[in-house]
>>> print(open('query.cif').read())   # mmCIF, C-alpha atoms
data_work
#
loop_
_atom_site.label_atom_id
_atom_site.label_comp_id
_atom_site.auth_asym_id
_atom_site.auth_seq_id
_atom_site.Cartn_x
_atom_site.Cartn_y
_atom_site.Cartn_z
CA MET A 496 0.00 0.00 0.00
CA ASN A 497 1.39 3.39 -0.89
CA ASP A 498 1.14 6.52 1.25
CA ASP A 499 -2.14 7.71 -0.23
CA ASP A 500 -3.77 4.34 0.37
CA GLU A 501 -2.45 4.33 3.93
CA ALA A 502 -4.09 7.69 4.50
CA VAL A 503 -7.37 6.42 3.08
CA LEU A 504 -7.20 3.37 5.33
CA ALA A 505 -6.39 5.53 8.35
CA GLY A 506 -9.43 7.68 7.62
CA HIS A 507 -11.76 4.67 7.44
CA GLN A 508 -10.22 3.17 10.58
CA GLN A 509 -10.80 6.42 12.46
CA GLU A 510 -14.44 6.46 11.39
CA LEU A 511 -14.83 2.88 12.54
CA ARG A 512 -13.32 3.57 15.96
CA ARG A 513 -14.85 6.95 16.61
CA GLY A 514 -18.26 5.75 17.72
CA THR A 515 -16.95 2.97 19.92
CA VAL A 516 -15.07 5.23 22.34
CA VAL A 517 -18.34 6.63 23.72
CA LEU A 518 -19.74 3.17 24.29
CA ALA A 519 -16.49 2.02 25.87
CA ALA A 520 -16.40 5.01 28.22
CA LEU A 521 -20.01 4.47 29.31
CA ALA A 522 -19.37 0.77 29.84
CA ALA A 523 -16.24 1.38 31.87
CA CYS A 524 -17.88 4.05 34.03
CA ARG A 525 -20.41 1.65 35.47
CA THR A 526 -17.94 1.73 38.30
CA PRO A 527 -16.71 5.21 39.27
CA ARG A 528 -13.48 6.04 37.51
CA TYR A 529 -11.22 9.03 37.22
CA GLY A 530 -9.79 10.22 33.91
CA TYR A 531 -6.36 8.69 33.94
CA ALA A 532 -7.46 5.33 35.30
CA LEU A 533 -10.21 5.16 32.70
CA LEU A 534 -7.69 5.75 29.94
CA ALA A 535 -5.49 3.01 31.36
CA ALA A 536 -8.46 0.63 31.55
CA LEU A 537 -9.44 1.28 27.94
CA THR A 538 -5.89 0.89 26.73
CA ALA A 539 -5.54 -2.32 28.71
CA ALA A 540 -8.69 -3.58 27.01
CA GLY A 541 -6.94 -3.01 23.71
CA LEU A 542 -8.81 0.09 22.55
CA GLN A 543 -6.83 2.85 20.94
CA VAL A 544 -7.84 6.08 22.65
CA GLU A 545 -5.91 9.31 22.80
CA ALA A 546 -5.72 11.21 26.05
CA ASN A 547 -6.55 14.54 24.44
CA THR A 548 -9.73 13.02 22.99
CA LEU A 549 -10.89 11.14 26.05
CA TYR A 550 -10.81 13.85 28.71
CA PRO A 551 -12.85 16.40 26.74
CA LEU A 552 -15.21 13.58 25.80
CA LEU A 553 -15.86 12.81 29.48
CA ARG A 554 -16.83 16.43 30.05
CA ARG A 555 -19.17 16.38 27.06
CA LEU A 556 -20.86 13.21 28.30
CA GLU A 557 -21.26 14.88 31.68
CA VAL A 558 -22.90 17.91 30.06
CA GLN A 559 -25.22 15.59 28.12
CA GLY A 560 -26.25 13.94 31.39
CA LEU A 561 -24.85 10.52 30.62
CA LEU A 562 -22.17 10.75 33.29
CA THR A 563 -22.06 12.41 36.66
CA ALA A 564 -18.82 13.67 38.16
CA GLU A 565 -17.70 14.05 41.75
CA TRP A 566 -14.50 15.23 43.31
CA ASN A 567 -13.03 12.72 45.74
CA THR A 568 -10.87 14.53 48.27
CA GLU A 569 -10.33 11.61 50.61
CA GLU A 570 -7.19 10.27 48.98
CA SER A 571 -3.80 11.94 48.87
CA ARG A 572 -4.53 13.44 45.47
CA PRO A 573 -8.01 14.86 44.83
CA ARG A 574 -9.47 13.26 41.75
CA LYS A 575 -12.62 13.72 39.70
CA TYR A 576 -14.58 10.50 39.50
CA TYR A 577 -17.07 9.86 36.69
CA THR A 578 -20.01 7.49 37.08
CA VAL A 579 -22.62 6.56 34.56
CA THR A 580 -26.11 7.95 35.26
CA PRO A 581 -29.34 5.96 34.84
CA LEU A 582 -29.88 7.77 31.54
CA GLY A 583 -26.32 6.96 30.56
CA ALA A 584 -26.78 3.30 31.48
CA GLU A 585 -29.97 3.14 29.42
CA MET A 586 -28.23 4.67 26.40
CA ALA A 587 -25.25 2.39 26.89
CA ASP A 588 -27.54 -0.64 26.77
CA LEU A 589 -29.17 0.59 23.59
CA LEU A 590 -25.81 1.36 22.00
CA ARG A 591 -24.55 -2.04 23.00
CA GLY A 592 -27.56 -3.69 21.37
CA GLU A 593 -26.83 -1.65 18.24
CA TRP A 594 -23.23 -2.79 18.34
CA GLN A 595 -24.14 -6.45 18.67
CA SER A 596 -26.61 -6.42 15.82
CA LEU A 597 -24.07 -4.65 13.61
CA ASN A 598 -21.59 -7.33 14.53
CA ALA A 599 -24.04 -10.11 13.67
CA ASN A 600 -25.08 -8.47 10.40
CA LEU A 601 -21.52 -7.91 9.27
CA GLY A 602 -20.70 -11.48 10.21
CA ALA A 603 -23.54 -12.77 8.07
CA LEU A 604 -22.42 -10.56 5.18
CA TRP A 605 -18.88 -11.78 5.51
CA LYS A 606 -20.00 -15.40 5.46
CA GLU A 607 -21.81 -14.82 2.18
CA ASP A 608 -18.58 -14.01 0.46
CA PRO A 609 -16.85 -17.34 -0.20
CA ARG A 610 -13.24 -16.49 0.29
CA MET B 512 9.72 28.54 39.20
CA SER B 513 6.49 27.01 38.00
CA SER B 514 6.69 23.48 36.76
CA LEU B 515 6.00 22.44 33.21
CA VAL B 516 2.65 21.10 34.34
CA ASP B 517 1.60 24.45 35.79
CA MET B 518 2.67 26.25 32.65
CA TYR B 519 0.86 23.75 30.46
CA VAL B 520 -2.41 23.88 32.39
CA ALA B 521 -2.29 27.68 32.45
CA GLN B 522 -1.94 27.79 28.69
CA VAL B 523 -4.86 25.44 28.21
CA ILE B 524 -7.33 27.14 30.52
CA ARG B 525 -6.66 30.69 29.43
CA ARG B 526 -8.31 29.73 26.15
CA LEU B 527 -11.41 28.42 27.90
CA PRO B 528 -14.47 30.24 29.26
CA GLU B 529 -14.00 31.61 32.76
CA ASN B 530 -16.54 29.50 34.58
CA SER B 531 -15.09 26.18 33.51
CA ARG B 532 -11.48 27.11 34.22
CA PRO B 533 -11.06 26.10 37.88
CA ASP B 534 -12.61 22.67 37.38
CA ILE B 535 -10.67 21.81 34.22
CA ALA B 536 -7.45 23.13 35.72
CA ARG B 537 -7.88 20.97 38.80
CA GLU B 538 -8.66 17.89 36.75
CA LEU B 539 -5.83 18.41 34.28
CA LYS B 540 -3.29 18.90 37.08
CA ALA B 541 -4.45 15.71 38.78
CA THR B 542 -4.30 13.76 35.54
CA LEU B 543 -0.86 15.06 34.65
CA ALA B 544 0.35 14.26 38.15
CA ASP B 545 -0.92 10.71 37.67
CA MET B 546 0.84 10.45 34.34
CA VAL B 547 4.13 11.71 35.77
CA GLU B 548 3.84 9.36 38.73
CA GLU B 549 3.29 6.35 36.54
CA ARG B 550 6.19 7.19 34.27
CA LEU B 551 8.55 7.55 37.23
CA ALA B 552 7.28 4.41 38.89
CA ASN B 553 7.51 2.26 35.77
CA GLY B 554 10.84 3.65 34.75
CA THR B 555 9.51 4.48 31.32
CA ALA B 556 12.29 5.26 28.88
CA GLY B 557 13.20 8.92 28.85
CA SER B 558 11.46 9.69 32.15
CA ASP B 559 14.21 9.18 34.71
CA THR B 560 13.86 12.55 36.36
CA ALA B 561 10.71 14.35 37.43
CA GLN B 562 11.51 17.05 34.93
CA ALA B 563 11.79 14.57 32.08
CA ALA B 564 8.62 12.78 33.14
CA GLU B 565 6.70 16.06 33.22
CA ARG B 566 8.00 16.93 29.82
CA ALA B 567 6.91 13.60 28.38
CA ALA B 568 3.50 13.85 30.01
CA VAL B 569 2.60 17.27 28.63
CA GLU B 570 3.92 16.28 25.24
CA GLU B 571 1.65 13.27 25.30
CA LEU B 572 -1.33 15.59 25.76
CA GLY B 573 -0.06 17.77 22.96
CA ASP B 574 -0.49 21.40 21.93
CA PRO B 575 -2.45 23.25 24.66
CA ALA B 576 -4.27 25.23 21.98
CA GLN B 577 -5.53 22.02 20.38
CA LEU B 578 -6.56 20.53 23.70
CA ALA B 579 -8.46 23.70 24.56
CA LEU B 580 -10.27 23.44 21.23
CA GLN B 581 -11.34 19.91 22.12
CA TYR B 582 -12.79 21.12 25.41
CA GLN B 583 -14.83 23.80 23.75
CA ASP B 584 -18.07 23.06 22.07
CA ASN B 585 -17.44 25.57 19.30
CA PRO B 586 -17.64 23.86 15.96
CA ARG B 587 -14.35 23.80 14.12
CA TYR B 588 -15.81 25.13 10.90
CA LEU B 589 -17.43 28.33 9.78
CA ILE B 590 -20.62 26.92 8.29
CA GLY B 591 -21.76 23.37 8.98
CA PRO B 592 -23.42 20.73 6.84
CA GLU B 593 -26.97 21.72 7.84
CA LEU B 594 -26.68 25.37 6.88
CA TYR B 595 -24.32 24.92 3.95
CA PRO B 596 -26.98 24.10 1.31
CA ALA B 597 -28.95 27.20 2.27
CA PHE B 598 -25.75 29.25 2.15
CA ILE B 599 -24.88 28.03 -1.33
CA GLY B 600 -28.44 28.40 -2.55
CA LEU B 601 -28.52 32.00 -1.39
CA THR B 602 -25.16 33.09 -2.74
CA LYS B 603 -25.82 31.48 -6.10
CA TRP B 604 -28.36 34.10 -7.05
CA LEU B 605 -27.58 36.89 -4.61
CA LEU B 606 -23.97 37.53 -5.60
CA PRO B 607 -24.58 37.76 -9.36
CA LEU B 608 -27.50 40.06 -8.60
CA VAL B 609 -25.27 42.26 -6.46
CA VAL B 610 -22.64 42.46 -9.21
CA LEU B 611 -25.15 43.25 -11.94
CA THR B 612 -26.97 45.86 -9.87
CA SER B 613 -23.72 47.50 -8.87
CA ALA B 614 -22.48 47.56 -12.47
CA PHE B 615 -25.73 49.06 -13.68
CA VAL B 616 -26.01 51.68 -10.95
CA ASN B 617 -22.40 52.72 -11.34
CA ALA B 618 -22.78 53.00 -15.10
CA VAL B 619 -25.82 55.22 -14.72
CA VAL B 620 -24.23 57.38 -12.03
CA TYR B 621 -21.08 57.76 -14.07
CA ALA B 622 -22.96 58.70 -17.20
CA ALA B 623 -24.97 61.25 -15.27
CA THR B 624 -22.19 62.85 -13.29
CA ALA B 625 -18.91 62.49 -15.18
CA SER B 626 -17.84 65.69 -16.86
CA ASP B 627 -15.96 63.93 -19.61
CA ALA B 628 -17.78 60.66 -20.00
CA ALA B 629 -15.72 58.10 -21.87
CA ILE B 630 -16.00 54.36 -22.09
CA GLY B 631 -12.71 53.76 -20.30
CA GLY B 632 -13.85 55.74 -17.31
CA MET B 633 -17.21 54.03 -17.26
CA ILE B 634 -15.73 50.57 -17.33
CA GLY B 635 -13.31 51.58 -14.60
CA ALA B 636 -16.11 52.85 -12.36
CA MET B 637 -18.27 49.78 -13.00
CA VAL B 638 -15.58 47.19 -12.45
CA GLY B 639 -13.93 48.86 -9.48
CA ASN B 640 -17.08 49.40 -7.49
CA SER B 641 -18.64 46.09 -8.46
CA VAL B 642 -15.65 44.14 -7.19
CA VAL B 643 -15.91 45.93 -3.88
CA ALA B 644 -19.66 45.33 -3.74
CA LEU B 645 -19.14 41.63 -4.45
CA LEU B 646 -16.54 41.26 -1.69
CA ILE B 647 -18.71 43.05 0.84
CA ALA B 648 -21.77 40.98 -0.05
CA THR B 649 -19.80 37.74 0.22
CA GLY B 650 -18.39 38.77 3.58
CA VAL B 651 -21.74 39.80 5.02
CA VAL B 652 -23.56 36.64 3.93
CA THR B 653 -20.74 34.40 5.18
CA ALA B 654 -20.60 36.21 8.51
CA LEU B 655 -24.37 35.94 8.96
CA PHE B 656 -24.33 32.21 8.30
CA ALA B 657 -21.31 31.65 10.55
CA PHE B 658 -23.17 33.51 13.30
CA GLY B 659 -26.26 31.40 12.68
CA GLU B 660 -24.20 28.21 12.83
CA ARG B 661 -23.20 29.07 16.38
CA TYR B 662 -26.33 30.66 17.79
CA LEU B 663 -29.30 29.23 15.91
CA PRO B 664 -31.24 26.53 17.79
CA GLU B 665 -31.03 23.05 16.29
CA LYS B 666 -34.58 22.86 15.03
CA ASP B 667 -34.28 26.19 13.23
CA LYS B 668 -31.25 24.83 11.43
CA ALA B 669 -33.22 21.79 10.37
CA GLU B 670 -35.91 24.12 9.01
CA MET B 671 -33.34 25.91 6.88
CA THR B 672 -32.05 22.68 5.41
CA LYS B 673 -35.62 21.70 4.58
CA SER B 674 -36.35 24.97 2.84
CA VAL B 675 -33.63 24.28 0.29
CA GLY B 676 -35.43 21.11 -0.56
CA TYR B 677 -32.98 18.44 0.47
CA VAL B 678 -35.05 16.79 3.15
CA ASP B 679 -38.61 17.53 2.06
CA TRP B 680 -38.27 16.31 -1.52
CA ASP B 681 -40.81 14.00 -3.06
CA ALA B 682 -41.49 12.84 -6.60
CA ASP B 683 -43.95 15.70 -7.27
CA HIS B 684 -40.99 18.07 -7.44
CA LEU B 685 -39.91 16.42 -10.69
CA TYR B 686 -42.78 18.14 -12.48
CA GLU B 687 -41.63 21.57 -11.37
CA GLU B 688 -38.57 21.69 -13.54
CA ALA B 689 -40.29 21.26 -16.93
CA PRO B 690 -37.07 20.20 -18.61
CA SER B 691 -38.26 20.07 -22.16
CA ARG B 692 -36.58 22.59 -24.40
CA ARG B 693 -35.46 24.83 -21.58
CA ILE B 694 -33.96 28.18 -22.46
CA PRO B 695 -31.19 29.06 -20.02
CA ARG B 696 -32.10 32.20 -18.17
CA GLY B 697 -28.56 33.53 -18.39
CA GLU B 698 -28.72 33.43 -22.16
CA THR B 699 -31.84 35.57 -22.46
CA ILE B 700 -30.64 38.07 -19.90
CA THR B 701 -27.35 38.46 -21.76
CA SER B 702 -29.27 38.98 -25.00
CA ILE B 703 -31.42 41.66 -23.42
CA VAL B 704 -28.39 43.48 -22.04
CA PHE B 705 -26.79 43.36 -25.47
CA LEU B 706 -29.94 44.63 -27.16
CA VAL B 707 -30.21 47.53 -24.71
CA PHE B 708 -26.66 48.45 -25.58
CA LEU B 709 -27.53 48.24 -29.28
CA ALA B 710 -30.46 50.55 -28.73
CA ALA B 711 -28.27 53.04 -26.95
CA LEU B 712 -25.71 53.14 -29.76
CA PRO B 713 -27.20 55.99 -31.76
CA ALA B 714 -27.40 58.10 -28.64
CA LEU B 715 -23.80 57.66 -27.55
CA PRO B 716 -21.69 60.73 -28.11
CA SER B 717 -18.44 60.16 -29.94
CA SER B 718 -16.58 61.74 -27.03
CA PHE B 719 -17.43 58.56 -25.17
CA PHE B 720 -15.07 56.80 -27.52
CA TYR B 721 -12.42 59.47 -27.42
CA VAL B 722 -13.08 60.89 -30.87
CA GLY B 723 -15.31 63.73 -29.73
CA HIS B 724 -13.16 66.35 -31.35
CA LEU B 725 -14.10 65.05 -34.80
CA ASN B 726 -17.72 65.99 -34.75
CA ASP B 727 -18.21 68.07 -31.64
CA ALA B 728 -19.11 65.07 -29.51
CA GLY B 729 -22.09 64.32 -31.63
CA SER B 730 -23.38 60.82 -32.21
CA PHE B 731 -21.63 58.42 -34.57
CA VAL B 732 -24.79 58.14 -36.52
CA ASN B 733 -25.78 60.67 -39.11
CA PRO B 734 -28.06 63.18 -37.33
CA ALA B 735 -30.25 63.43 -40.40
CA LEU B 736 -31.44 59.91 -39.77
CA TRP B 737 -33.37 60.97 -36.70
CA ASN B 738 -36.28 61.92 -38.93
CA GLY B 739 -37.55 58.40 -39.24
CA TRP B 740 -34.87 55.78 -39.53
CA ILE B 741 -33.58 55.88 -35.99
CA PRO B 742 -37.02 55.80 -34.36
CA ALA B 743 -37.79 52.80 -36.54
CA TYR B 744 -34.52 51.28 -35.39
CA PHE B 745 -35.58 51.77 -31.77
CA LEU B 746 -38.88 50.10 -32.52
CA PHE B 747 -37.18 47.06 -33.99
CA VAL B 748 -34.78 46.69 -31.09
CA ALA B 749 -37.72 47.07 -28.71
CA GLY B 750 -39.47 44.30 -30.60
CA LEU B 751 -36.44 42.04 -30.25
CA ILE B 752 -36.31 42.78 -26.53
CA VAL B 753 -39.97 41.82 -26.25
CA VAL B 754 -39.20 38.48 -27.89
CA GLU B 755 -36.39 37.88 -25.41
CA ALA B 756 -38.67 38.80 -22.53
CA TRP B 757 -41.23 36.37 -23.89
CA LYS B 758 -38.52 33.66 -23.90
CA LEU B 759 -37.66 34.60 -20.33
CA THR B 760 -41.19 34.30 -18.99
CA VAL B 761 -42.08 31.10 -20.82
CA GLY B 762 -38.73 29.51 -20.04
CA HIS B 763 -38.73 26.93 -22.78
CA TRP B 764 -38.91 26.83 -26.54
CA THR B 765 -42.22 26.71 -28.29
CA ALA B 766 -42.97 26.88 -32.00
CA PRO B 767 -44.52 30.38 -31.79
CA ILE B 768 -41.47 31.74 -29.97
CA LEU B 769 -39.12 30.18 -32.46
CA LEU B 770 -40.99 31.40 -35.52
CA THR B 771 -41.54 34.92 -34.20
CA GLY B 772 -37.88 35.20 -33.28
CA LEU B 773 -36.70 34.01 -36.68
CA LEU B 774 -39.13 36.30 -38.46
CA MET B 775 -38.12 39.36 -36.45
CA ASP B 776 -34.46 38.67 -37.16
CA VAL B 777 -35.09 38.52 -40.90
CA VAL B 778 -37.21 41.69 -40.92
CA PHE B 779 -34.60 43.53 -38.87
CA ALA B 780 -31.87 42.43 -41.26
CA LEU B 781 -33.95 43.68 -44.19
CA PHE B 782 -34.45 47.03 -42.47
CA LEU B 783 -30.76 47.42 -41.73
CA SER B 784 -29.77 46.47 -45.27
CA LEU B 785 -32.19 49.02 -46.65
CA ALA B 786 -30.84 51.67 -44.34
CA VAL B 787 -27.24 50.95 -45.25
CA MET B 788 -27.88 50.88 -48.98
CA THR B 789 -29.96 54.03 -49.22
CA GLN B 790 -28.66 56.26 -46.44
CA ASP B 791 -25.44 57.68 -45.12
CA ILE B 792 -25.28 55.93 -41.81
CA LEU B 793 -22.23 57.60 -40.34
CA ASP B 794 -22.12 61.25 -39.41
CA PRO B 795 -20.75 63.12 -42.43
CA ARG B 796 -18.59 65.30 -40.20
CA LEU B 797 -16.78 62.17 -39.00
CA MET B 798 -16.21 61.13 -42.55
CA ASP B 799 -14.84 64.55 -43.49
CA SER B 800 -12.29 64.68 -40.72
CA ILE B 801 -11.03 61.20 -41.44
CA ASP B 802 -10.86 62.15 -45.08
CA TRP B 803 -12.21 58.86 -46.21
CA THR B 804 -14.42 58.82 -49.22
CA GLU B 805 -16.85 55.96 -49.18
CA SER B 806 -15.77 53.77 -51.98
CA ASN B 807 -18.07 51.36 -53.68
CA TRP B 808 -17.26 48.35 -51.55
CA ALA B 809 -18.19 49.72 -48.14
CA LYS B 810 -21.96 49.38 -48.41
CA PRO B 811 -22.18 45.91 -49.98
CA VAL B 812 -19.70 44.63 -47.40
CA ALA B 813 -21.83 46.04 -44.62
CA VAL B 814 -24.95 44.42 -46.02
CA GLY B 815 -23.09 41.17 -46.45
CA LEU B 816 -22.00 41.31 -42.80
CA ILE B 817 -25.53 41.98 -41.64
CA TRP B 818 -26.88 38.93 -43.42
CA ALA B 819 -23.99 36.73 -42.43
CA ILE B 820 -24.62 37.55 -38.77
CA THR B 821 -28.36 37.09 -39.14
CA LEU B 822 -27.98 33.74 -40.86
CA TRP B 823 -25.53 32.52 -38.25
CA ASP B 824 -27.89 33.62 -35.50
CA GLN B 825 -30.82 31.83 -37.15
CA LEU B 826 -28.87 28.60 -37.48
CA ALA B 827 -27.77 28.80 -33.84
CA THR B 828 -31.33 29.44 -32.72
CA VAL B 829 -32.69 26.49 -34.65
CA LYS B 830 -29.92 24.30 -33.30
CA ASN B 831 -30.80 25.40 -29.75
CA PHE B 832 -34.40 24.61 -30.41
CA ARG B 833 -33.65 21.13 -31.61
CA HIS B 834 -31.02 20.33 -28.99
CA GLY B 835 -33.07 21.79 -26.18
CA GLY B 836 -35.29 18.76 -26.48
CA ALA B 837 -32.37 16.35 -26.46
CA LEU B 838 -32.48 15.99 -22.70
CA ASP B 839 -35.97 14.60 -23.00
CA ALA B 840 -35.03 11.46 -24.85
CA ALA B 841 -33.28 8.91 -22.69
CA GLN B 842 -29.96 8.49 -24.42
#
>>> encode(input="query.cif", output="structure tokens")
Amino acid sequence: MNDDDEAVLAGHQQELRRGTVVLAALAACRTPRYGYALLAALTAAGLQVEANTLYPLLRRLEVQGLLTAEWNTEESRPRKYYTVTPLGAEMADLLRGEWQSLNANLGALWKEDPR
Amino acid sequence: MSSLVDMYVAQVIRRLPENSRPDIARELKATLADMVEERLANGTAGSDTAQAAERAAVEELGDPAQLALQYQDNPRYLIGPELYPAFIGLTKWLLPLVVLTSAFVNAVVYAATASDAAIGGMIGAMVGNSVVALLIATGVVTALFAFGERYLPEKDKAEMTKSVGYVDWDADHLYEEAPSRRIPRGETITSIVFLVFLAALPALPSSFFYVGHLNDAGSFVNPALWNGWIPAYFLFVAGLIVVEAWKLTVGHWTAPILLTGLLMDVVFALFLSLAVMTQDILDPRLMDSIDWTESNWAKPVAVGLIWAITLWDQLATVKNFRHGGALDAAQ
């Protein structure tokens, strides 16, 4: 693949991944998490997320009411913990259902192609 | 001395709205502290000292300006996909209208106020001011839409997209276009402009074309012709303009339009030929100063030219008529 094709592939890959970060964040925040730990958890799960995308995203989800945030001052370093709200959990379930049906449909499509 | 982290956070939050600054600053500092701590604890390559670890951490987050942009909800474009069709639809007719109006108004003002009206000066006034008018119009429309992109409520934006017809389209709209034998509007408008100019020709003083000294800034046309020939000329040109206006309102070719147009062209050519053959068209004073005696070939050549142009125009018109229907047949 030459450079132009690589760029095209990168573009498609980004589109493919872009939607899944939201779902991943909502899923992970079923237990309260703070920014850095969440990033580590997602990376450990194998998802490619950039720090400068994730932290603003958490704020946006908070504004949309899908996450609620609380400052925990008990530990040595105060940290902002994000937890998924009931609305967020509901949306996460719906998104997950969407994800699974997409997966099944693509799988069926792939099977059709005898290769 | 403030640490790299402090400097970094300061540069991010100064680009953010005041009320969100304390919270984001606090969170960013905590996150960066976590990142530094992990790098030092794991002995990540290149992070052996606190300084180096801080450096690596802020570089991982990247340009503070970019990070600040991510935190803001401001769209990173001037006009978004919902408003863009309306924007394009508006500018498509508004900007040409602005240019034409400006050109016309400037021409009229120049003709009325210039002490030494000449075509160079008129063109200069028209072009100069029209370019400025175009730029201003473009800027104003773009600014209005950019403002709307940021402050218009979502459902109003959806309304605007609908009004351009993208969302609300159904098959009935196909009947609106009436594609058969369409006459492009631009063509007829250009013809009308040209005909108006033709009509104005006898009235233009020769000083307009820099040869005013030859005949005291009189018209190019022989003044004796004003008795009957020039009024008749005006009538013919008016008739041609009426035909063009008819084309404009109907919008597509019909047999009556075609035949009337062809007929008028032929009659006009006959009239012009007659005028050229029997009259002295040009102002005799012009002829005297140039010291050119009309030899025998001038008039027949002129008549030949008239008919050549008329014939060419007729052929083009008929071709338009026949090809205008070509889009109908599925090819």
>>> closest_residue(input="query.cif", among="A:Leu533, A:Leu504, A:Leu511, A:Ala519", to="chain B", atoms="all atoms listed in the file")
A:Leu533
>>> resolve_selection(input="query.cif", expression="the PyMOL selection byres ((chain A) within 7 of (chain B))", output="number ranges by chain")
A: 530-531, 546-547, 551, 574-575
>>> write_last_selection(input="query.cif", atoms="C-alpha atoms", output="compact mmCIF listing (two decimals), keeping the file's coordinate frame")
# COMPACT_ATOMS: atom_id res chain seq x y z
CA GLY A 530 -9.79 10.22 33.91
CA TYR A 531 -6.36 8.69 33.94
CA ALA A 546 -5.72 11.21 26.05
CA ASN A 547 -6.55 14.54 24.44
CA PRO A 551 -12.85 16.40 26.74
CA ARG A 574 -9.47 13.26 41.75
CA LYS A 575 -12.62 13.72 39.70
>>> atom_distance(input="query.cif", atom1="atom CA of A:Gly514", atom2="atom CA of B:Phe656")
28.7 Å
>>> atom_distance(input="query.cif", atom1="atom CA of B:Asn831", atom2="atom CA of B:Trp757")
16.2 Å
>>> atom_distance(input="query.cif", atom1="atom CA of B:Tyr588", atom2="atom CA of B:Ala657")
8.5 Å
>>> closest_residue(input="query.cif", among="B:Ala766, B:Arg525, B:Ala536, B:Val704", to="B:Ala614", atoms="all atoms listed in the file")
B:Val704
>>> resolve_selection(input="query.cif", expression="the PyMOL selection byres ((chain B and resi 637) around 9)", output="PDB file with C-alpha atoms, keeping the file's coordinate frame")
ATOM      1  CA  SER B 613     -23.720  47.500  -8.870  1.00  0.00           C
ATOM      2  CA  ALA B 614     -22.480  47.560 -12.470  1.00  0.00           C
ATOM      3  CA  PHE B 615     -25.730  49.060 -13.680  1.00  0.00           C
ATOM      4  CA  VAL B 616     -26.010  51.680 -10.950  1.00  0.00           C
ATOM      5  CA  ASN B 617     -22.400  52.720 -11.340  1.00  0.00           C
ATOM      6  CA  ALA B 618     -22.780  53.000 -15.100  1.00  0.00           C
ATOM      7  CA  TYR B 621     -21.080  57.760 -14.070  1.00  0.00           C
ATOM      8  CA  GLY B 632     -13.850  55.740 -17.310  1.00  0.00           C
ATOM      9  CA  MET B 633     -17.210  54.030 -17.260  1.00  0.00           C
ATOM     10  CA  ILE B 634     -15.730  50.570 -17.330  1.00  0.00           C
ATOM     11  CA  GLY B 635     -13.310  51.580 -14.600  1.00  0.00           C
ATOM     12  CA  ALA B 636     -16.110  52.850 -12.360  1.00  0.00           C
ATOM     13  CA  VAL B 638     -15.580  47.190 -12.450  1.00  0.00           C
ATOM     14  CA  GLY B 639     -13.930  48.860  -9.480  1.00  0.00           C
ATOM     15  CA  ASN B 640     -17.080  49.400  -7.490  1.00  0.00           C
ATOM     16  CA  SER B 641     -18.640  46.090  -8.460  1.00  0.00           C
ATOM     17  CA  VAL B 642     -15.650  44.140  -7.190  1.00  0.00           C
TER      18      VAL B 642
END
>>> closest_residue(input="query.cif", among="A:Thr526, A:Thr548, A:Asn497, A:Gln508", to="A:Thr580", atoms="all atoms listed in the file")
A:Thr526
>>> resolve_selection(input="query.cif", expression="the PyMOL selection byres ((chain B and resi 735) around 10)", output="VMD selection string")
chain B and resid 732 to 734 736 to 741 790 to 795
>>> residues_around(input="query.cif", residues="A:Arg591", least_positions_apart="6", cutoff="10 Å", atoms="only C-alpha atoms", output="ChimeraX atom specification")
/A:515,518-519,522,585,597
>>> residues_around(input="query.cif", residues="stretch 552-564 of chain A", least_positions_apart="4", cutoff="6 Å", atoms="all atoms listed in the file", output="list in words")
Tyr576, Tyr577, Thr578, Val579, Thr580, Leu582 and Gly583 of chain A
>>> closest_residue(input="query.cif", among="A:Val503, A:Gln509, A:Asp498, A:Val517", to="A:Leu590", atoms="only C-alpha atoms")
A:Val517
>>> residues_around(input="query.cif", residues="B:Leu770", least_positions_apart="5", cutoff="12 Å", atoms="all atoms listed in the file", output="JSON, numbers by chain")
{"B": [754, 764, 765, 775, 776, 777, 825, 828, 829, 832]}
>>> closest_residue(input="query.cif", among="A:Gly506, A:Gly592, A:Asn600, A:Val516", to="A:Gly541", atoms="all atoms listed in the file")
A:Val516
>>> residues_around(input="query.cif", residues="stretch 819-821 of chain B", least_positions_apart="2", cutoff="9 Å", atoms="all atoms listed in the file", output="list in words")
Asp776, Val777, Phe779, Ala780, Val814, Gly815, Leu816, Ile817, Trp823, Asp824, Gln825 and Leu826 of chain B
